[in-house]
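Listing of model.txt, compact mmCIF, C-alpha atoms
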```
# COMPACT_ATOMS: atom_id res chain seq x y z
CA ALA A 1 -58.44 83.94 -47.08
CA GLN A 2 -56.68 83.40 -43.80
CA LYS A 3 -54.33 86.13 -42.80
CA VAL A 4 -52.84 87.46 -39.59
CA THR A 5 -51.12 90.83 -39.48
CA GLN A 6 -48.84 91.98 -36.71
CA ALA A 7 -47.89 95.42 -37.88
CA GLN A 8 -45.40 96.09 -35.10
CA THR A 9 -42.12 94.48 -36.05
CA GLU A 10 -40.29 95.48 -32.89
CA ILE A 11 -41.17 97.31 -29.70
CA SER A 12 -38.78 98.50 -27.01
CA VAL A 13 -39.97 99.51 -23.56
CA VAL A 14 -38.45 100.16 -20.18
CA GLU A 15 -39.27 97.83 -17.33
CA LYS A 16 -42.61 98.52 -15.60
CA GLU A 17 -44.10 100.16 -18.68
CA ASP A 18 -47.31 98.75 -20.11
CA VAL A 19 -47.14 97.53 -23.70
CA THR A 20 -49.79 96.44 -26.20
CA LEU A 21 -49.09 94.10 -29.09
CA ASP A 22 -51.49 94.43 -32.00
CA CYS A 23 -52.99 91.61 -34.04
CA VAL A 24 -55.43 91.95 -36.92
CA TYR A 25 -56.85 88.92 -38.69
CA GLU A 26 -58.81 88.15 -41.84
CA THR A 27 -61.19 85.26 -42.17
CA ARG A 28 -64.34 84.31 -44.07
CA ASP A 29 -65.31 81.70 -41.54
CA THR A 30 -67.75 82.38 -38.71
CA THR A 31 -66.12 79.75 -36.52
CA TYR A 32 -62.49 80.33 -35.80
CA TYR A 33 -59.97 80.45 -32.98
CA LEU A 34 -57.29 82.97 -32.16
CA PHE A 35 -54.10 82.25 -30.26
CA TRP A 36 -51.08 83.98 -28.83
CA TYR A 37 -47.71 82.26 -28.48
CA LYS A 38 -44.48 83.49 -26.93
CA GLN A 39 -41.04 82.58 -28.30
CA PRO A 40 -38.33 83.50 -25.78
CA PRO A 41 -34.65 83.66 -26.80
CA SER A 42 -34.31 79.96 -26.01
CA GLY A 43 -36.45 79.29 -29.08
CA GLU A 44 -39.40 77.22 -27.91
CA LEU A 45 -42.98 78.31 -28.62
CA VAL A 46 -45.05 78.74 -25.48
CA PHE A 47 -48.85 78.74 -25.65
CA LEU A 48 -50.43 81.75 -23.93
CA ILE A 49 -54.13 81.87 -24.81
CA ARG A 50 -56.86 80.54 -27.10
CA ARG A 51 -60.06 82.42 -27.88
CA ASN A 52 -63.02 81.28 -29.98
CA SER A 53 -64.96 83.53 -32.32
CA PHE A 54 -68.10 83.40 -30.20
CA ASP A 55 -66.50 84.65 -27.02
CA GLU A 56 -65.63 88.33 -27.09
CA GLN A 57 -65.04 88.64 -23.39
CA ASN A 58 -61.70 90.12 -22.53
CA GLU A 59 -59.40 87.92 -20.51
CA ILE A 60 -56.88 88.71 -17.84
CA SER A 61 -54.20 86.40 -16.53
CA GLY A 62 -51.87 88.05 -14.07
CA ARG A 63 -50.03 90.82 -15.91
CA TYR A 64 -51.37 89.63 -19.27
CA SER A 65 -54.67 90.70 -20.79
CA TRP A 66 -56.28 90.19 -24.16
CA ASN A 67 -58.82 92.35 -25.99
CA PHE A 68 -60.83 90.57 -28.68
CA GLN A 69 -62.98 92.79 -30.92
CA LYS A 70 -64.77 91.15 -33.83
CA SER A 71 -65.94 94.52 -35.16
CA THR A 72 -62.35 95.45 -35.96
CA SER A 73 -61.03 91.87 -36.41
CA SER A 74 -58.45 92.47 -33.74
CA PHE A 75 -57.06 90.42 -30.90
CA ASN A 76 -54.62 92.61 -29.01
CA PHE A 77 -52.36 91.56 -26.17
CA THR A 78 -51.33 93.84 -23.31
CA ILE A 79 -48.58 93.23 -20.81
CA THR A 80 -48.90 95.38 -17.70
CA ALA A 81 -45.81 96.41 -15.76
CA SER A 82 -43.46 94.71 -18.20
CA GLN A 83 -40.43 92.81 -16.95
CA VAL A 84 -37.14 91.89 -18.59
CA VAL A 85 -38.29 88.25 -18.70
CA ASP A 86 -41.10 89.32 -21.03
CA SER A 87 -38.52 89.96 -23.75
CA ALA A 88 -39.43 87.57 -26.54
CA VAL A 89 -41.08 87.31 -29.93
CA TYR A 90 -44.85 87.15 -29.66
CA PHE A 91 -46.95 85.50 -32.33
CA CYS A 92 -50.65 85.82 -32.97
CA ALA A 93 -52.25 82.91 -34.84
CA LEU A 94 -55.58 81.94 -36.39
CA SER A 95 -57.26 78.62 -37.08
CA GLU A 96 -60.49 78.24 -39.05
CA ARG A 97 -62.95 75.39 -38.93
CA ARG A 98 -62.84 74.88 -42.68
CA TYR A 99 -59.08 74.33 -42.54
CA GLY A 100 -59.05 72.07 -39.52
CA ASN A 101 -56.66 72.90 -36.75
CA LYS A 102 -53.74 74.29 -38.71
CA LEU A 103 -52.40 77.53 -37.32
CA VAL A 104 -51.72 80.52 -39.53
CA PHE A 105 -49.21 82.74 -37.78
CA GLY A 106 -48.52 86.43 -38.02
CA ALA A 107 -44.96 87.60 -38.62
CA GLY A 108 -44.42 88.15 -34.90
CA THR A 109 -43.54 91.17 -32.79
CA ILE A 110 -40.15 91.37 -31.09
CA LEU A 111 -40.56 92.82 -27.61
CA ARG A 112 -37.47 94.15 -25.86
CA VAL A 113 -37.85 95.13 -22.23
CA LYS A 114 -34.92 97.09 -20.85
CA SER A 115 -34.06 97.39 -17.18
CA ASP B 1 -41.64 71.94 -20.65
CA SER B 2 -44.54 71.29 -23.04
CA GLY B 3 -44.21 67.51 -22.91
CA VAL B 4 -43.48 67.32 -26.63
CA THR B 5 -40.02 65.99 -27.44
CA GLN B 6 -38.05 66.43 -30.63
CA THR B 7 -34.78 64.90 -31.72
CA PRO B 8 -32.21 65.85 -32.70
CA LYS B 9 -31.92 69.38 -31.37
CA HIS B 10 -29.45 70.40 -34.06
CA LEU B 11 -28.65 68.88 -37.42
CA ILE B 12 -25.98 69.98 -39.86
CA THR B 13 -25.87 68.33 -43.24
CA ALA B 14 -24.94 68.96 -46.86
CA THR B 15 -27.01 69.77 -49.91
CA GLY B 16 -28.52 66.75 -51.58
CA GLN B 17 -28.68 64.73 -48.38
CA ARG B 18 -31.68 63.25 -46.59
CA VAL B 19 -32.54 63.67 -42.91
CA THR B 20 -35.23 62.46 -40.54
CA LEU B 21 -36.63 64.53 -37.71
CA ARG B 22 -38.44 62.79 -34.90
CA CYS B 23 -41.26 63.94 -32.63
CA SER B 24 -42.99 62.38 -29.64
CA PRO B 25 -46.28 64.05 -28.72
CA ARG B 26 -47.57 64.75 -25.22
CA SER B 27 -49.01 61.74 -23.50
CA GLY B 28 -52.59 61.24 -24.68
CA ASP B 29 -52.40 63.61 -27.64
CA LEU B 30 -53.51 62.05 -30.91
CA SER B 31 -52.66 64.86 -33.30
CA VAL B 32 -49.21 65.87 -34.45
CA TYR B 33 -48.36 68.93 -36.51
CA TRP B 34 -45.17 70.01 -38.25
CA TYR B 35 -44.20 73.63 -38.80
CA GLN B 36 -41.20 75.29 -40.40
CA GLN B 37 -39.79 78.57 -39.13
CA SER B 38 -37.44 80.48 -41.41
CA LEU B 39 -36.38 84.11 -41.58
CA ASP B 40 -37.98 84.74 -44.96
CA GLN B 41 -41.16 82.65 -44.63
CA GLY B 42 -41.87 82.95 -40.92
CA LEU B 43 -43.78 80.16 -39.21
CA GLN B 44 -45.52 77.94 -41.75
CA PHE B 45 -47.71 74.89 -41.31
CA LEU B 46 -46.45 71.82 -43.14
CA ILE B 47 -48.64 68.86 -42.28
CA GLN B 48 -50.93 67.35 -39.65
CA TYR B 49 -51.52 63.76 -38.63
CA TYR B 50 -54.32 62.50 -36.45
CA ASN B 51 -54.11 59.03 -34.98
CA GLY B 52 -51.93 57.79 -37.80
CA GLU B 53 -53.81 59.38 -40.67
CA GLU B 54 -52.88 62.47 -42.61
CA ARG B 55 -55.43 65.15 -41.72
CA ALA B 56 -54.24 68.35 -43.40
CA LYS B 57 -51.47 69.51 -45.66
CA GLY B 58 -49.95 72.94 -45.93
CA ASN B 59 -47.00 74.32 -47.84
CA ILE B 60 -45.03 71.11 -47.75
CA LEU B 61 -42.60 70.46 -50.56
CA GLU B 62 -42.77 67.20 -52.51
CA ARG B 63 -39.23 66.46 -51.27
CA PHE B 64 -40.65 66.37 -47.74
CA SER B 65 -42.78 63.60 -46.30
CA ALA B 66 -44.07 62.63 -42.89
CA GLN B 67 -45.79 59.82 -41.09
CA GLN B 68 -47.27 59.04 -37.72
CA PHE B 69 -46.65 55.61 -36.26
CA PRO B 70 -48.97 53.40 -34.17
CA ASP B 71 -47.28 54.61 -30.97
CA LEU B 72 -48.20 58.15 -32.18
CA HIS B 73 -44.69 59.43 -32.62
CA SER B 74 -44.07 61.15 -35.92
CA GLU B 75 -41.18 61.55 -38.31
CA LEU B 76 -40.57 64.26 -40.89
CA ASN B 77 -38.33 63.19 -43.74
CA LEU B 78 -36.54 65.84 -45.78
CA SER B 79 -34.72 64.73 -48.91
CA SER B 80 -32.59 66.29 -51.67
CA LEU B 81 -31.87 69.06 -49.23
CA GLU B 82 -31.21 72.58 -50.48
CA LEU B 83 -29.67 75.56 -48.75
CA GLY B 84 -33.12 77.11 -48.45
CA ASP B 85 -34.33 74.22 -46.31
CA SER B 86 -32.23 75.52 -43.43
CA ALA B 87 -34.78 76.39 -40.75
CA LEU B 88 -36.17 75.56 -37.36
CA TYR B 89 -38.64 72.70 -37.59
CA PHE B 90 -41.24 72.46 -34.88
CA CYS B 91 -43.49 69.62 -33.96
CA ALA B 92 -46.67 70.32 -31.99
CA SER B 93 -49.35 68.09 -30.55
CA SER B 94 -52.94 68.45 -29.41
CA PRO B 95 -55.48 66.08 -27.87
CA SER B 96 -57.71 65.87 -30.94
CA GLY B 97 -57.77 67.13 -34.48
CA THR B 98 -59.69 70.35 -34.16
CA PHE B 99 -59.47 73.62 -32.32
CA ASN B 100 -57.30 72.58 -29.47
CA GLU B 101 -54.35 74.61 -28.41
CA GLN B 102 -51.20 73.10 -29.83
CA PHE B 103 -48.21 72.49 -27.59
CA PHE B 104 -44.89 72.85 -29.30
CA GLY B 105 -41.68 70.92 -28.91
CA PRO B 106 -38.29 72.64 -28.60
CA GLY B 107 -37.65 72.37 -32.34
CA THR B 108 -34.91 70.92 -34.50
CA ARG B 109 -32.55 73.43 -36.05
CA LEU B 110 -31.51 72.19 -39.50
CA THR B 111 -28.52 73.73 -41.21
CA VAL B 112 -27.83 72.74 -44.80
CA LEU B 113 -24.33 73.60 -46.01
```

Do you think you could lay out the structure here as structure tokens?
Amino acid sequence: AQKVTQAQTEISVVEKEDVTLDCVYETRDTTYYLFWYKQPPSGELVFLIRRNSFDEQNEISGRYSWNFQKSTSSFNFTITASQVVDSAVYFCALSERRYGNKLVFGAGTILRVKS
Amino acid sequence: DSGVTQTPKHLITATGQRVTLRCSPRSGDLSVYWYQQSLDQGLQFLIQYYNGEERAKGNILERFSAQQFPDLHSELNLSSLELGDSALYFCASSPSGTFNEQFFGPGTRLTVL
């Protein structure tokens, strides 16, 4: 079964703090992709990253980094030196080869960054 | 700006009515997806079209239907609307039908009164 769990409903941090958003997934497929999307208060969904199941290398993009660990079925997202503009809802998502390209989303984590 | 356009931005209608939501994918993208975002169900996949053909179906009600036209734009038709259909409806597009990142439009907020 496809399932994505984001156990943190809401996180509040003060600007410049580092914050990690957790994502745990369940899949029976050996070929799958994991994604992170950001939904700012304006409401649109912004693509952040895609990772395939065969590439466990961590990735860094500016202040953003992602830690993919197949052993624990986790794909965590860290924001370093958070800023107020990072305030948004962050969604982790999974797609499996057997189900085509449909995305199964987690419930999302609300991140509030205070100045 | 993702390059995906959706109209209208907001829609307010009454129970029992029928509405049509429209989506234009990014230039060159062949696949269109529809998702529903509601407070109780979260973000849920409804349906996917690839180059005019239905490719995958999710939790889409029988009262809902969609199609993708030869110019690749897509429409989602919602009929016999109920209060529970109030949600944000997103369209997304990707270059092909598998494993690409999907780029989302701004959404259509549907309110059923």

Next on the checklist: Using only C-alpha atoms, I'd like every residue of chain A that has an atom within 8 Å of chain B; please write them out as a list in words.
Outcome noted: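 Result: Tyr33, Phe35, Gly43, Glu44, Leu45, Val46, Phe47, Arg50, Ser95, Arg97, Tyr99, Gly100, Asn101, Lys102, Leu103, Val104, Phe105, Gly106 and Ala107 of chain A.
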
Item to check | Distance query Tyr32 of chain A at most 9 Å, only C-alpha atoms, self and fewer than 2 positions along chain excluded, as a PyMOL selection string | outcome: (chain A and resi 27+29-30+34+51-54+94-98) or (chain B and resi 99)

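The interatomic distance for the pair atom CA of Ser74 of chain B and atom CA of Gln2 of chain A works out to 26.8 Å.
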
Checklist entry - For Tyr90 of chain A, which residue out of A:Asn58, A:Gln8, A:Ser65, A:Gln39 is the nearest one, using all atoms listed in the file? => result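 Counting all atoms listed in the file, the residue closest to Tyr90 of chain A is A:Gln39.
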
Checklist entry - For the atom pair atom CA of Pro25 of chain B and atom CA of Lys9 of chain B, what is the interatomic distance in Å to one decimal place? => result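 A separation of 15.5 Å between them.
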
Item to check | 8 Å contact set for Trp66 of chain A, only C-alpha atoms, chain neighbours under 3 positions out, as a ChimeraX atom specification | outcome: /A:58-60,75-78

Protein, DNA and RNA residues within 10 Å of (-50.4, 62.4, -29.8), all atoms listed in the file, as a compact mmCIF listing (two decimals) with C-alpha atoms, in the coordinates of the input:
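Listing of point.txt after writing:
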```
# COMPACT_ATOMS: atom_id res chain seq x y z
CA VAL B 4 -43.48 67.32 -26.63
CA CYS B 23 -41.26 63.94 -32.63
CA SER B 24 -42.99 62.38 -29.64
CA PRO B 25 -46.28 64.05 -28.72
CA ARG B 26 -47.57 64.75 -25.22
CA SER B 27 -49.01 61.74 -23.50
CA GLY B 28 -52.59 61.24 -24.68
CA ASP B 29 -52.40 63.61 -27.64
CA LEU B 30 -53.51 62.05 -30.91
CA SER B 31 -52.66 64.86 -33.30
CA VAL B 32 -49.21 65.87 -34.45
CA TYR B 33 -48.36 68.93 -36.51
CA TYR B 49 -51.52 63.76 -38.63
CA TYR B 50 -54.32 62.50 -36.45
CA ASN B 51 -54.11 59.03 -34.98
CA GLY B 52 -51.93 57.79 -37.80
CA GLN B 68 -47.27 59.04 -37.72
CA ASP B 71 -47.28 54.61 -30.97
CA LEU B 72 -48.20 58.15 -32.18
CA HIS B 73 -44.69 59.43 -32.62
CA SER B 74 -44.07 61.15 -35.92
CA ALA B 92 -46.67 70.32 -31.99
CA SER B 93 -49.35 68.09 -30.55
CA SER B 94 -52.94 68.45 -29.41
CA PRO B 95 -55.48 66.08 -27.87
CA SER B 96 -57.71 65.87 -30.94
CA GLY B 97 -57.77 67.13 -34.48
```

Item to check | Sel. within 7 Å of pt (-36.5, 71.2, -41.2), counting all atoms listed in the file, output as number ranges by chain | outcome: B: 36, 85-89, 108-110

Generate the output file for the selected residues, C-alpha atoms, as a PDB file, in the frame of the given file.
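Wrote it out as again.pdb, contents follow:
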```
ATOM      1  CA  GLN B  36     -41.200  75.290 -40.400  1.00  0.00           C
ATOM      2  CA  ASP B  85     -34.330  74.220 -46.310  1.00  0.00           C
ATOM      3  CA  SER B  86     -32.230  75.520 -43.430  1.00  0.00           C
ATOM      4  CA  ALA B  87     -34.780  76.390 -40.750  1.00  0.00           C
ATOM      5  CA  LEU B  88     -36.170  75.560 -37.360  1.00  0.00           C
ATOM      6  CA  TYR B  89     -38.640  72.700 -37.590  1.00  0.00           C
ATOM      7  CA  THR B 108     -34.910  70.920 -34.500  1.00  0.00           C
ATOM      8  CA  ARG B 109     -32.550  73.430 -36.050  1.00  0.00           C
ATOM      9  CA  LEU B 110     -31.510  72.190 -39.500  1.00  0.00           C
TER      10      LEU B 110
END
```

Checklist entry - Separation of atom CA of Ser79 of chain B and atom CA of Thr15 of chain B, in Å? => result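 So the two atoms, atom CA of Ser79 of chain B and atom CA of Thr15 of chain B, lie 9.3 Å apart.
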
Next on the checklist: Applying 7 Å and only C-alpha atoms, which residues near Leu111 of chain A remain after dropping the ones on its own chain fewer than 6 positions away? List them as a count of residues only.
Outcome noted: 6

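Using all atoms listed in the file, the shortest contact distance between Phe91 of chain A and any of A:Val24, A:Glu17, A:Lys38, A:Ser74 is found at A:Lys38.
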
Item to check | Shortest interatomic distance to Cys91 of chain B - which of B:Arg22, B:Asn77, B:Ser65, B:Ala14, counting all atoms listed in the file | outcome: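 Under the stated criterion, the closest residue is B:Arg22.
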
Next on the checklist: Which residues are near Glu75 of chain B? Cut-off 6 Å, all atoms listed in the file, ignore same chain within fewer than 4 positions. Put them as a PyMOL selection string.
Outcome noted: chain B and resi 21-22+66-67

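If you measure from each of B:Phe64, B:Glu82, B:Phe69, B:Glu53 to Thr13 of chain B using all atoms listed in the file, the closest one turns out to be B:Glu82.
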
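When all atoms listed in the file are used to measure the gap to Arg28 of chain A, the shortest distance among A:Val85, A:Ile110, A:Ile79, A:Ala1 belongs to A:Ala1.
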
Checklist entry - Which of these residues is nearest to Asp86 of chain A, using only C-alpha atoms: A:Ser115, A:Gln57, A:Thr31, A:Thr9? => result A:Ser115

Can I get segment 60-71 of chain B with all heavy atoms filled in, as a tab-separated table (two decimals), in the frame of the given file?
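Just written: part23.tsv:
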```tsv
chain	number	residue	atom	x	y	z
B	60	ILE	N	-46.09	72.10	-47.87
B	60	ILE	CA	-45.03	71.11	-47.75
B	60	ILE	C	-44.53	70.72	-49.12
B	60	ILE	O	-45.30	70.42	-50.02
B	60	ILE	CB	-45.51	69.88	-46.94
B	60	ILE	CG1	-44.35	68.93	-46.67
B	60	ILE	CG2	-46.70	69.19	-47.60
B	60	ILE	CD1	-44.65	67.87	-45.62
B	61	LEU	N	-43.21	70.79	-49.28
B	61	LEU	CA	-42.60	70.46	-50.56
B	61	LEU	C	-42.74	68.97	-50.84
B	61	LEU	O	-42.83	68.15	-49.93
B	61	LEU	CB	-41.12	70.85	-50.54
B	61	LEU	CG	-40.82	72.34	-50.32
B	61	LEU	CD1	-39.33	72.55	-50.10
B	61	LEU	CD2	-41.32	73.17	-51.48
B	62	GLU	N	-42.69	68.62	-52.13
B	62	GLU	CA	-42.77	67.20	-52.51
B	62	GLU	C	-41.56	66.42	-52.00
B	62	GLU	O	-41.64	65.21	-51.81
B	62	GLU	CB	-42.87	67.08	-54.02
B	62	GLU	CG	-44.26	67.40	-54.54
B	62	GLU	CD	-44.43	67.00	-56.00
B	62	GLU	OE1	-43.62	66.21	-56.51
B	62	GLU	OE2	-45.38	67.48	-56.62
B	63	ARG	N	-40.45	67.11	-51.78
B	63	ARG	CA	-39.23	66.46	-51.27
B	63	ARG	C	-39.38	66.10	-49.79
B	63	ARG	O	-38.54	65.40	-49.22
B	63	ARG	CB	-38.03	67.39	-51.44
B	63	ARG	CG	-37.74	67.80	-52.85
B	63	ARG	CD	-36.49	68.64	-52.93
B	63	ARG	NE	-36.68	70.01	-52.47
B	63	ARG	CZ	-36.20	70.50	-51.34
B	63	ARG	NH1	-35.50	69.73	-50.52
B	63	ARG	NH2	-36.39	71.77	-51.02
B	64	PHE	N	-40.42	66.62	-49.16
B	64	PHE	CA	-40.65	66.37	-47.74
B	64	PHE	C	-41.79	65.37	-47.58
B	64	PHE	O	-42.79	65.42	-48.32
B	64	PHE	CB	-41.01	67.65	-47.00
B	64	PHE	CG	-39.93	68.70	-46.97
B	64	PHE	CD1	-38.71	68.53	-47.58
B	64	PHE	CD2	-40.17	69.91	-46.32
B	64	PHE	CE1	-37.74	69.51	-47.55
B	64	PHE	CE2	-39.20	70.90	-46.27
B	64	PHE	CZ	-37.98	70.70	-46.89
B	65	SER	N	-41.68	64.51	-46.60
B	65	SER	CA	-42.78	63.60	-46.30
B	65	SER	C	-42.82	63.35	-44.80
B	65	SER	O	-41.82	63.60	-44.10
B	65	SER	CB	-42.62	62.27	-47.04
B	65	SER	OG	-41.46	61.60	-46.58
B	66	ALA	N	-43.94	62.89	-44.32
B	66	ALA	CA	-44.07	62.63	-42.89
B	66	ALA	C	-44.94	61.42	-42.67
B	66	ALA	O	-45.64	60.97	-43.58
B	66	ALA	CB	-44.66	63.86	-42.18
B	67	GLN	N	-44.87	60.88	-41.48
B	67	GLN	CA	-45.79	59.82	-41.09
B	67	GLN	C	-45.94	59.81	-39.58
B	67	GLN	O	-45.08	60.34	-38.86
B	67	GLN	CB	-45.32	58.47	-41.61
B	67	GLN	CG	-43.91	58.08	-41.25
B	67	GLN	CD	-43.52	56.75	-41.88
B	67	GLN	OE1	-44.35	55.85	-42.07
B	67	GLN	NE2	-42.27	56.59	-42.23
B	68	GLN	N	-47.03	59.21	-39.15
B	68	GLN	CA	-47.27	59.04	-37.72
B	68	GLN	C	-47.43	57.55	-37.48
B	68	GLN	O	-48.23	56.89	-38.14
B	68	GLN	CB	-48.51	59.80	-37.25
B	68	GLN	CG	-48.70	59.74	-35.74
B	68	GLN	CD	-49.93	60.51	-35.27
B	68	GLN	OE1	-50.90	60.67	-36.01
B	68	GLN	NE2	-49.92	60.98	-34.03
B	69	PHE	N	-46.71	57.05	-36.52
B	69	PHE	CA	-46.65	55.61	-36.26
B	69	PHE	C	-47.71	55.19	-35.24
B	69	PHE	O	-48.30	56.04	-34.57
B	69	PHE	CB	-45.24	55.26	-35.78
B	69	PHE	CG	-44.19	55.48	-36.84
B	69	PHE	CD1	-43.60	56.73	-37.00
B	69	PHE	CD2	-43.83	54.46	-37.69
B	69	PHE	CE1	-42.65	56.94	-37.98
B	69	PHE	CE2	-42.88	54.66	-38.68
B	69	PHE	CZ	-42.29	55.91	-38.84
B	70	PRO	N	-47.95	53.87	-35.13
B	70	PRO	CA	-48.97	53.40	-34.17
B	70	PRO	C	-48.75	53.87	-32.73
B	70	PRO	O	-49.72	54.05	-31.99
B	70	PRO	CB	-48.86	51.87	-34.27
B	70	PRO	CG	-48.41	51.64	-35.68
B	70	PRO	CD	-47.46	52.77	-35.98
B	71	ASP	N	-47.50	54.10	-32.34
B	71	ASP	CA	-47.28	54.61	-30.97
B	71	ASP	C	-47.44	56.13	-30.92
B	71	ASP	O	-47.18	56.75	-29.89
B	71	ASP	CB	-45.91	54.20	-30.45
B	71	ASP	CG	-44.76	54.86	-31.21
B	71	ASP	OD1	-45.03	55.52	-32.24
B	71	ASP	OD2	-43.61	54.74	-30.78
```
